[in-house]
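Peer 1: One structure follows; several queries about it will come next.
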Amino acid sequence: MRAGRAIVLAALFAAGAAGLLADVRAQRNGMPPGDVADLAGFGERTFASVCAGCHGTDLSGGRGPSLFDARLLGARSDQQLHDRIAAGVTGTEMPAFGNAYSGSQIDGIIAYLRRHTTEIGQAPAPRADPAGQVIHSRRQAFRIDVVTDALETPWGLAFLPDGRLLVTERPGRLRIIDRRGKLLPEPVRNLPKVWERQDAGMLDVAIHPRFARNGLIYLSYVEMAPGHVLTREEARPPLPGEHPGSPPSMTVLIRGRINARNEWVTDREIFRAPTALYTASGSHYGTRFLFDGKGHLFFSLGDRGDMANAQRLDTPLGKIHRVNEDGSVPGDNPFVHVPGAVPSIWSYGHRNPEGLAFDPATGLLWESEHGPAGGDEINIIEKGHNYGWGVVSMGMQPGIVKREAPGMDQPIAYYTPTIAPSGIHFYRGTRYPGWTGNLFVAGLAGQQLRRLAVRGRAVMEQEEIFSRFGRVRAIATGPDGLLYLLLQTATGPGTGVDLTSSTPGSLVRLVPLP
């Protein structure tokens with residue numbers, strides 16, 4: 001019994017910062033902090049090849065106990081765990097690994113155990129079919145109607161004045177759904193070549209406020225660095241759970257039109273980063289568009305996996321930008337006269353913002369942002385303000401130990417565990433009387449639609465409307481005054497599908513009931 005308990009203790013780890021401990025030891029062992037992510041990958045690979053044979057890969061365990069039992073969290077510190085793995089457990093099958101792995105590598109194993117235990121605990125229930133589901137929320141009952149289920153990883157949507165709908169699919173397509181709700185079989189042709197892997201692909205779509213007169217459409221997508229030739233490693237399809245080497249890539253924003261032959265014709269580039277900023281990271285591209293009705297376009301860009309970018313004014317990454325509708329820079333932007341600063345920056349200190357919406361009651365600009373391990377944020381964006389990423393976070397991130405700091409705005413709301421907020425939208429209509437003026441937040445990891453009742457700068461009430469129909473990417477009000485959502489079949493922990501895999505998606509609408 002004592003030996004068995006000793007083995008169990010090797011599975012315990014505190015809810016403290018295993019990642020921070022890995023960062024400290026990485027520096028002590030001569031490795032830069034940026035290599036901590038590689039250590040976590042080492043931990044995952046090592047667990048699969050060395051530990052899983054005895055301990056299993058889920059809560060059922062194996063010859064030894066499961067190392068992902070959340071009930072045992074907090075019984076030992078990360079340091080105690082580290083010492084136990086290094087020294088082994090005398091009289092059991094648990095050998096000493098101190099001579100096999102460095103201190104940093106052992107901390108990578110601990111970081112993986114901690115992360116995966118959390119993922120197992122948050123594993124979603126099997127996805128339910130949304131078609132015809134009736135939901136009674138606090139302030140509004142409704143039925144879910146499926147408009148089409150023939151999409152693939154839908155990302156952004158924009159209604160046209162005539163009732164048609166544009167939808168982007170991450171693999172690189174722009175689709176049209178007609179006024180009767182029928183998905184046209186042929187995607188728009190002649191789109192720019194899109195690099196699609198992990199978070200990269202075709203992203204958001206928006207139409208010009210005067211689309212009925214000028215027909216202009218805005219697209220954001222990810223491209224491979226111009227002139228780059230794929231290596232064999234970069235070109236091969238990734239195996240499940242694997243992220244092979246990727247080419248340097250970056251978000252690009254363009255505007256154009258769809259001609260009578262269903263072909264895309266580019267009018268101009270709105271944003272293109274210098275080639276030197278293209279990076280092999282496959283994460284944190286942003287992007288979301290939002291017009292202010294005053295001749296300006298706001299758009300968001302992620303930090304591209306390097307949090308230092310968020311605090312630097314000489315890079316566009318980790319920022320929210322404000323440009324004129326043609327991509328030129330307004331003269332009253334906050335950093336337009338700061339030497340070396342990117343003039344389009346409106347706010348900075350952002351990690352990966354994917355939601356933007358104006359509150360019609362106050363005119364305040366609200367934003368949603370992915371946190372690291374927890375700490376997803378809902379912010380009110382102010383001209384020239386710093387939102388802290390790279391220095392402070394409500395989540396856990398190696399290298400960040402503060403939750404607040406002078407001169408850095410705090411979130412209006414934050415979420416731990418993560419819900420992975422994507423698109424946000426204020427409902428301005430009257431079809432759902434109990435929801436008028438409320439902010440809706442789409443959640444990816446949380447598979448949820450969340451409603452926030454706001455007053456001024458405060459959230460007065462929150463409600464999870466649903467959380468079982470797959471990843472919710474974006475939400476918009478249609479010409480009929482109903483809410484339309486883009487859903488994607490769930491990926492990630494508990495699904496058997498890699499988190500960043502492309503999966504079937506659908507467009508649904510919420511039909512109010514008495």
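Please note that chains go A, B, ... in the order of the structure tokens, that every chain numbers its residues from 1, and that ligands are numbered from 1 in the order shown.
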Pick out the residues sitting within 8 Å of Asp326 in chain A, and hand them over as a list of chain:residue names; count only C-alpha atoms, and ignore anything fewer than 3 positions along from it in its own chain.
Peer 2: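 Skipping anything fewer than 3 positions along the chain leaves A:Arg268, A:Ile270, A:Val323.
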Peer 1: Per DSSP on the backbone, filter range 199-368 of chain A down to the residues in strand (DSSP E) and report them as an mmCIF file with N, CA and C atoms, in the first residue's frame.
Peer 2:
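states26.cif, written as the output of this step:
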data_model
loop_
_atom_site.group_PDB
_atom_site.id
_atom_site.type_symbol
_atom_site.label_atom_id
_atom_site.label_comp_id
_atom_site.auth_asym_id
_atom_site.auth_seq_id
_atom_site.Cartn_x
_atom_site.Cartn_y
_atom_site.Cartn_z
ATOM 1 N N MET A 202 -7.696 31.040 -44.396
ATOM 2 C CA MET A 202 -8.584 32.158 -44.695
ATOM 3 C C MET A 202 -9.282 32.548 -43.396
ATOM 4 N N LEU A 203 -9.290 33.837 -43.077
ATOM 5 C CA LEU A 203 -9.792 34.277 -41.782
ATOM 6 C C LEU A 203 -11.068 35.109 -41.954
ATOM 7 N N ASP A 204 -11.037 36.383 -41.665
ATOM 8 C CA ASP A 204 -12.287 37.141 -41.580
ATOM 9 C C ASP A 204 -12.706 37.724 -42.924
ATOM 10 N N VAL A 205 -13.980 38.133 -42.968
ATOM 11 C CA VAL A 205 -14.548 38.814 -44.121
ATOM 12 C C VAL A 205 -15.469 39.923 -43.615
ATOM 13 N N ALA A 206 -15.481 41.046 -44.322
ATOM 14 C CA ALA A 206 -16.373 42.153 -43.987
ATOM 15 C C ALA A 206 -16.704 42.885 -45.282
ATOM 16 N N ILE A 207 -17.807 43.598 -45.272
ATOM 17 C CA ILE A 207 -18.168 44.391 -46.447
ATOM 18 C C ILE A 207 -18.078 45.871 -46.094
ATOM 19 N N ILE A 217 -15.355 44.349 -50.709
ATOM 20 C CA ILE A 217 -15.300 43.296 -49.689
ATOM 21 C C ILE A 217 -13.878 43.260 -49.135
ATOM 22 N N TYR A 218 -13.755 43.064 -47.830
ATOM 23 C CA TYR A 218 -12.454 42.991 -47.161
ATOM 24 C C TYR A 218 -12.211 41.557 -46.696
ATOM 25 N N LEU A 219 -11.014 41.052 -46.943
ATOM 26 C CA LEU A 219 -10.630 39.695 -46.557
ATOM 27 C C LEU A 219 -9.320 39.723 -45.784
ATOM 28 N N SER A 220 -9.204 38.855 -44.790
ATOM 29 C CA SER A 220 -7.913 38.609 -44.150
ATOM 30 C C SER A 220 -7.573 37.141 -44.327
ATOM 31 N N TYR A 221 -6.297 36.883 -44.573
ATOM 32 C CA TYR A 221 -5.855 35.510 -44.801
ATOM 33 C C TYR A 221 -4.378 35.424 -44.441
ATOM 34 N N VAL A 222 -3.868 34.208 -44.422
ATOM 35 C CA VAL A 222 -2.462 33.974 -44.111
ATOM 36 C C VAL A 222 -1.755 33.507 -45.374
ATOM 37 N N GLU A 223 -0.603 34.107 -45.644
ATOM 38 C CA GLU A 223 0.187 33.697 -46.792
ATOM 39 C C GLU A 223 1.575 33.261 -46.342
ATOM 40 N N MET A 224 2.173 32.400 -47.130
ATOM 41 C CA MET A 224 3.573 32.027 -46.946
ATOM 42 C C MET A 224 4.442 33.195 -47.429
ATOM 43 N N SER A 249 5.248 32.752 -42.300
ATOM 44 C CA SER A 249 3.935 33.168 -42.790
ATOM 45 C C SER A 249 3.470 34.392 -42.017
ATOM 46 N N MET A 250 2.404 35.037 -42.541
ATOM 47 C CA MET A 250 1.898 36.247 -41.889
ATOM 48 C C MET A 250 0.494 36.555 -42.416
ATOM 49 N N THR A 251 -0.248 37.307 -41.599
ATOM 50 C CA THR A 251 -1.580 37.768 -41.972
ATOM 51 C C THR A 251 -1.474 38.872 -43.021
ATOM 52 N N VAL A 252 -2.362 38.821 -44.013
ATOM 53 C CA VAL A 252 -2.478 39.853 -45.040
ATOM 54 C C VAL A 252 -3.938 40.285 -45.109
ATOM 55 N N LEU A 253 -4.177 41.582 -45.280
ATOM 56 C CA LEU A 253 -5.527 42.114 -45.411
ATOM 57 C C LEU A 253 -5.660 42.792 -46.764
ATOM 58 N N ILE A 254 -6.709 42.445 -47.485
ATOM 59 C CA ILE A 254 -6.944 43.022 -48.802
ATOM 60 C C ILE A 254 -8.409 43.417 -48.938
ATOM 61 N N ARG A 255 -8.680 44.207 -49.945
ATOM 62 C CA ARG A 255 -10.080 44.443 -50.314
ATOM 63 C C ARG A 255 -10.221 44.267 -51.817
ATOM 64 N N GLY A 256 -11.443 43.913 -52.239
ATOM 65 C CA GLY A 256 -11.689 43.682 -53.648
ATOM 66 C C GLY A 256 -13.166 43.489 -53.910
ATOM 67 N N ARG A 257 -13.455 42.892 -55.053
ATOM 68 C CA ARG A 257 -14.848 42.672 -55.458
ATOM 69 C C ARG A 257 -15.003 41.272 -56.047
ATOM 70 N N ILE A 258 -16.218 40.804 -56.081
ATOM 71 C CA ILE A 258 -16.563 39.562 -56.784
ATOM 72 C C ILE A 258 -17.265 39.963 -58.078
ATOM 73 N N TRP A 264 -12.799 36.608 -57.753
ATOM 74 C CA TRP A 264 -12.285 37.675 -56.901
ATOM 75 C C TRP A 264 -11.344 38.564 -57.699
ATOM 76 N N VAL A 265 -11.536 39.880 -57.552
ATOM 77 C CA VAL A 265 -10.661 40.863 -58.188
ATOM 78 C C VAL A 265 -10.163 41.801 -57.093
ATOM 79 N N THR A 266 -8.863 41.755 -56.798
ATOM 80 C CA THR A 266 -8.308 42.580 -55.719
ATOM 81 C C THR A 266 -8.265 44.039 -56.135
ATOM 82 N N ASP A 267 -8.711 44.884 -55.237
ATOM 83 C CA ASP A 267 -8.670 46.335 -55.450
ATOM 84 C C ASP A 267 -7.376 46.914 -54.885
ATOM 85 N N ARG A 268 -7.038 46.545 -53.631
ATOM 86 C CA ARG A 268 -5.803 47.026 -53.019
ATOM 87 C C ARG A 268 -5.500 46.245 -51.750
ATOM 88 N N GLU A 269 -4.253 46.312 -51.323
ATOM 89 C CA GLU A 269 -3.866 45.762 -50.035
ATOM 90 C C GLU A 269 -4.159 46.778 -48.937
ATOM 91 N N ILE A 270 -4.706 46.287 -47.828
ATOM 92 C CA ILE A 270 -4.960 47.125 -46.665
ATOM 93 C C ILE A 270 -3.818 47.002 -45.665
ATOM 94 N N PHE A 271 -3.283 45.801 -45.526
ATOM 95 C CA PHE A 271 -2.145 45.596 -44.627
ATOM 96 C C PHE A 271 -1.285 44.457 -45.141
ATOM 97 N N ARG A 272 0.015 44.689 -45.138
ATOM 98 C CA ARG A 272 1.001 43.645 -45.395
ATOM 99 C C ARG A 272 2.228 43.955 -44.555
ATOM 100 N N PHE A 289 -12.298 42.239 -38.413
ATOM 101 C CA PHE A 289 -12.562 43.553 -38.989
ATOM 102 C C PHE A 289 -13.724 44.222 -38.254
ATOM 103 N N LEU A 290 -13.704 45.571 -38.210
ATOM 104 C CA LEU A 290 -14.843 46.324 -37.697
ATOM 105 C C LEU A 290 -14.784 47.755 -38.221
ATOM 106 N N PHE A 291 -15.856 48.195 -38.863
ATOM 107 C CA PHE A 291 -15.975 49.575 -39.315
ATOM 108 C C PHE A 291 -16.642 50.416 -38.230
ATOM 109 N N HIS A 296 -13.523 54.795 -40.892
ATOM 110 C CA HIS A 296 -12.361 54.055 -40.405
ATOM 111 C C HIS A 296 -12.644 52.567 -40.311
ATOM 112 N N LEU A 297 -11.581 51.789 -40.450
ATOM 113 C CA LEU A 297 -11.624 50.337 -40.287
ATOM 114 C C LEU A 297 -10.678 49.954 -39.160
ATOM 115 N N PHE A 298 -11.202 49.223 -38.174
ATOM 116 C CA PHE A 298 -10.375 48.629 -37.126
ATOM 117 C C PHE A 298 -10.092 47.177 -37.500
ATOM 118 N N PHE A 299 -8.879 46.715 -37.207
ATOM 119 C CA PHE A 299 -8.579 45.296 -37.373
ATOM 120 C C PHE A 299 -7.575 44.875 -36.315
ATOM 121 N N SER A 300 -7.592 43.591 -35.991
ATOM 122 C CA SER A 300 -6.734 43.066 -34.923
ATOM 123 C C SER A 300 -5.687 42.130 -35.508
ATOM 124 N N LEU A 301 -4.510 42.136 -34.881
ATOM 125 C CA LEU A 301 -3.434 41.209 -35.222
ATOM 126 C C LEU A 301 -2.897 40.590 -33.941
ATOM 127 N N LYS A 319 -1.470 43.907 -31.705
ATOM 128 C CA LYS A 319 -2.072 45.245 -31.674
ATOM 129 C C LYS A 319 -3.489 45.233 -32.263
ATOM 130 N N ILE A 320 -4.222 46.297 -31.946
ATOM 131 C CA ILE A 320 -5.429 46.643 -32.685
ATOM 132 C C ILE A 320 -5.105 47.899 -33.477
ATOM 133 N N HIS A 321 -5.468 47.873 -34.758
ATOM 134 C CA HIS A 321 -5.104 48.943 -35.675
ATOM 135 C C HIS A 321 -6.346 49.699 -36.147
ATOM 136 N N ARG A 322 -6.126 50.948 -36.526
ATOM 137 C CA ARG A 322 -7.184 51.798 -37.093
ATOM 138 C C ARG A 322 -6.634 52.461 -38.348
ATOM 139 N N VAL A 323 -7.302 52.199 -39.454
ATOM 140 C CA VAL A 323 -6.913 52.804 -40.730
ATOM 141 C C VAL A 323 -8.141 53.417 -41.382
ATOM 142 N N ASN A 324 -7.915 54.211 -42.402
ATOM 143 C CA ASN A 324 -9.027 54.667 -43.230
ATOM 144 C C ASN A 324 -9.517 53.503 -44.080
ATOM 145 N N ILE A 345 -1.281 51.778 -35.339
ATOM 146 C CA ILE A 345 -1.619 51.193 -34.037
ATOM 147 C C ILE A 345 -2.617 52.079 -33.297
ATOM 148 N N TRP A 346 -3.685 51.451 -32.809
ATOM 149 C CA TRP A 346 -4.697 52.124 -31.981
ATOM 150 C C TRP A 346 -4.514 51.753 -30.504
ATOM 151 N N SER A 347 -4.236 50.468 -30.233
ATOM 152 C CA SER A 347 -3.957 50.001 -28.877
ATOM 153 C C SER A 347 -2.962 48.855 -28.969
ATOM 154 N N TYR A 348 -2.322 48.544 -27.833
ATOM 155 C CA TYR A 348 -1.280 47.518 -27.857
ATOM 156 C C TYR A 348 -1.332 46.684 -26.585
ATOM 157 N N PRO A 353 -6.293 38.793 -30.295
ATOM 158 C CA PRO A 353 -7.671 39.283 -30.294
ATOM 159 C C PRO A 353 -8.430 38.822 -31.537
ATOM 160 N N GLU A 354 -9.597 38.222 -31.313
ATOM 161 C CA GLU A 354 -10.402 37.716 -32.428
ATOM 162 C C GLU A 354 -11.833 38.239 -32.418
ATOM 163 N N GLY A 355 -12.143 39.191 -31.541
ATOM 164 C CA GLY A 355 -13.487 39.741 -31.518
ATOM 165 C C GLY A 355 -13.467 41.240 -31.317
ATOM 166 N N LEU A 356 -14.255 41.972 -32.123
ATOM 167 C CA LEU A 356 -14.399 43.415 -32.002
ATOM 168 C C LEU A 356 -15.866 43.780 -32.205
ATOM 169 N N ALA A 357 -16.390 44.681 -31.367
ATOM 170 C CA ALA A 357 -17.784 45.112 -31.513
ATOM 171 C C ALA A 357 -17.984 46.434 -30.795
ATOM 172 N N PHE A 358 -18.765 47.335 -31.400
ATOM 173 C CA PHE A 358 -19.142 48.588 -30.757
ATOM 174 C C PHE A 358 -20.452 48.401 -29.995
ATOM 175 N N LEU A 365 -15.770 50.577 -27.729
ATOM 176 C CA LEU A 365 -15.265 49.459 -28.517
ATOM 177 C C LEU A 365 -14.889 48.312 -27.581
ATOM 178 N N TRP A 366 -15.558 47.177 -27.729
ATOM 179 C CA TRP A 366 -15.289 45.984 -26.925
ATOM 180 C C TRP A 366 -14.479 44.994 -27.748
ATOM 181 N N GLU A 367 -13.706 44.178 -27.027
ATOM 182 C CA GLU A 367 -12.793 43.238 -27.685
ATOM 183 C C GLU A 367 -12.726 41.942 -26.893
ATOM 184 N N SER A 368 -12.548 40.816 -27.604
ATOM 185 C CA SER A 368 -12.279 39.527 -26.958
ATOM 186 C C SER A 368 -10.887 39.076 -27.345
#
Peer 1: Can you tell me how far CA of Leu444 in chain A sits from CA of Leu486 in chain A, in Å to one decimal?
Peer 2: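 Interatomic distance, CA of Leu444 in chain A to CA of Leu486 in chain A: 10.7 Å.
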Peer 1: So, with only C-alpha atoms as the atoms that count, which of A:Pro479, A:Ser344, A:Asp498, A:Pro372 lies closest to Arg164 in chain A?
Peer 2: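 Among A:Pro479, A:Ser344, A:Asp498, A:Pro372, it is A:Pro479 that comes nearest to Arg164 in chain A.
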Peer 1: Select from range 176-410 of chain A everything DSSP, run on the backbone, classes as alpha helix (DSSP H), then give the selection as a VMD selection string.
Peer 2: chain A and resid 211 to 214 232 to 235
Peer 1: Using Å and a single decimal, report how far CA of Arg450 in chain A sits from CA of Ala474 in chain A.
Peer 2: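 About the pair CA of Ala474 in chain A and CA of Arg450 in chain A: they are 11.8 Å apart.
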Peer 1: Can you work out which one of A:Glu186, A:Asp359, A:Glu44, A:Glu325 has the shortest atom-to-atom distance to Glu263 in chain A, counting only C-alpha atoms?
Peer 2: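 For Glu263 in chain A, the nearest of the given residues is A:Glu186.
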Peer 1: Which residues come within 6 Å of range 407-410 of chain A, counting only C-alpha atoms, excluding same-chain residues fewer than 3 positions away, as a ChimeraX atom specification?
Peer 2: /A:386-388
Peer 1: Excluding same-chain residues fewer than 5 positions from Arg455 in chain A, what lies within 10 Å of it counting only C-alpha atoms, as a list in words?
Peer 2: Asp359, Ala361, Thr362, Gly437, Asn438, Met460 and Glu461 of chain A
Peer 1: Write out, as a PDB file, in the first residue's frame, the residues just selected, with C-alpha atoms.
Peer 2:
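The file below, result36.pdb, is the result:
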ATOM      1  CA  ASP A 359     -21.730  48.959 -27.994  1.00  0.00           C
ATOM      2  CA  ALA A 361     -25.635  52.379 -26.374  1.00  0.00           C
ATOM      3  CA  THR A 362     -22.286  53.965 -25.526  1.00  0.00           C
ATOM      4  CA  GLY A 437     -28.422  45.483 -26.132  1.00  0.00           C
ATOM      5  CA  ASN A 438     -26.608  42.388 -24.842  1.00  0.00           C
ATOM      6  CA  MET A 460     -23.994  43.194 -14.947  1.00  0.00           C
ATOM      7  CA  GLU A 461     -24.951  39.603 -15.793  1.00  0.00           C
TER       8      GLU A 461
END
Peer 1: Closest to Ser283 in chain A among A:Arg173, A:Arg189, A:Arg304, A:Arg451, using only C-alpha atoms?
Peer 2: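 Nearest candidate to Ser283 in chain A out of A:Arg173, A:Arg189, A:Arg304, A:Arg451: A:Arg304.
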Peer 1: What does the distance between CA of Phe42 in chain A and CA of Ser102 in chain A come to in Å, to one decimal place?
Peer 2: 11.6 Å
Peer 1: Give me the range 134-231 of chain A side of the contact with range 427-432 of chain A, cut-off 9 Å, one line per residue showing its nearest atom pair and distance in Å at one decimal, counting only C-alpha atoms, sorted by chain and residue number, as JSON lines.
Peer 2:
{"residue": "A:Arg139", "atom": "CA", "partner": "A:Tyr432", "partner_atom": "CA", "distance": 8.6}
{"residue": "A:Gln140", "atom": "CA", "partner": "A:Tyr432", "partner_atom": "CA", "distance": 6.6}
{"residue": "A:Ala141", "atom": "CA", "partner": "A:Tyr432", "partner_atom": "CA", "distance": 8.7}
{"residue": "A:Phe142", "atom": "CA", "partner": "A:Tyr432", "partner_atom": "CA", "distance": 8.9}
Peer 1: For the selection just defined, write its residues with C-alpha atoms to a file, as a short mmCIF file (atom, residue, chain, number, x, y, z; two decimals), in the first residue's frame.
Peer 2:
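Output file selection-v1.cif is given in full below:
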data_model
loop_
_atom_site.label_atom_id
_atom_site.label_comp_id
_atom_site.auth_asym_id
_atom_site.auth_seq_id
_atom_site.Cartn_x
_atom_site.Cartn_y
_atom_site.Cartn_z
CA ARG A 139 -34.39 35.73 -20.76
CA GLN A 140 -35.25 34.09 -24.07
CA ALA A 141 -36.41 30.71 -25.35
CA PHE A 142 -35.35 29.76 -28.87
#
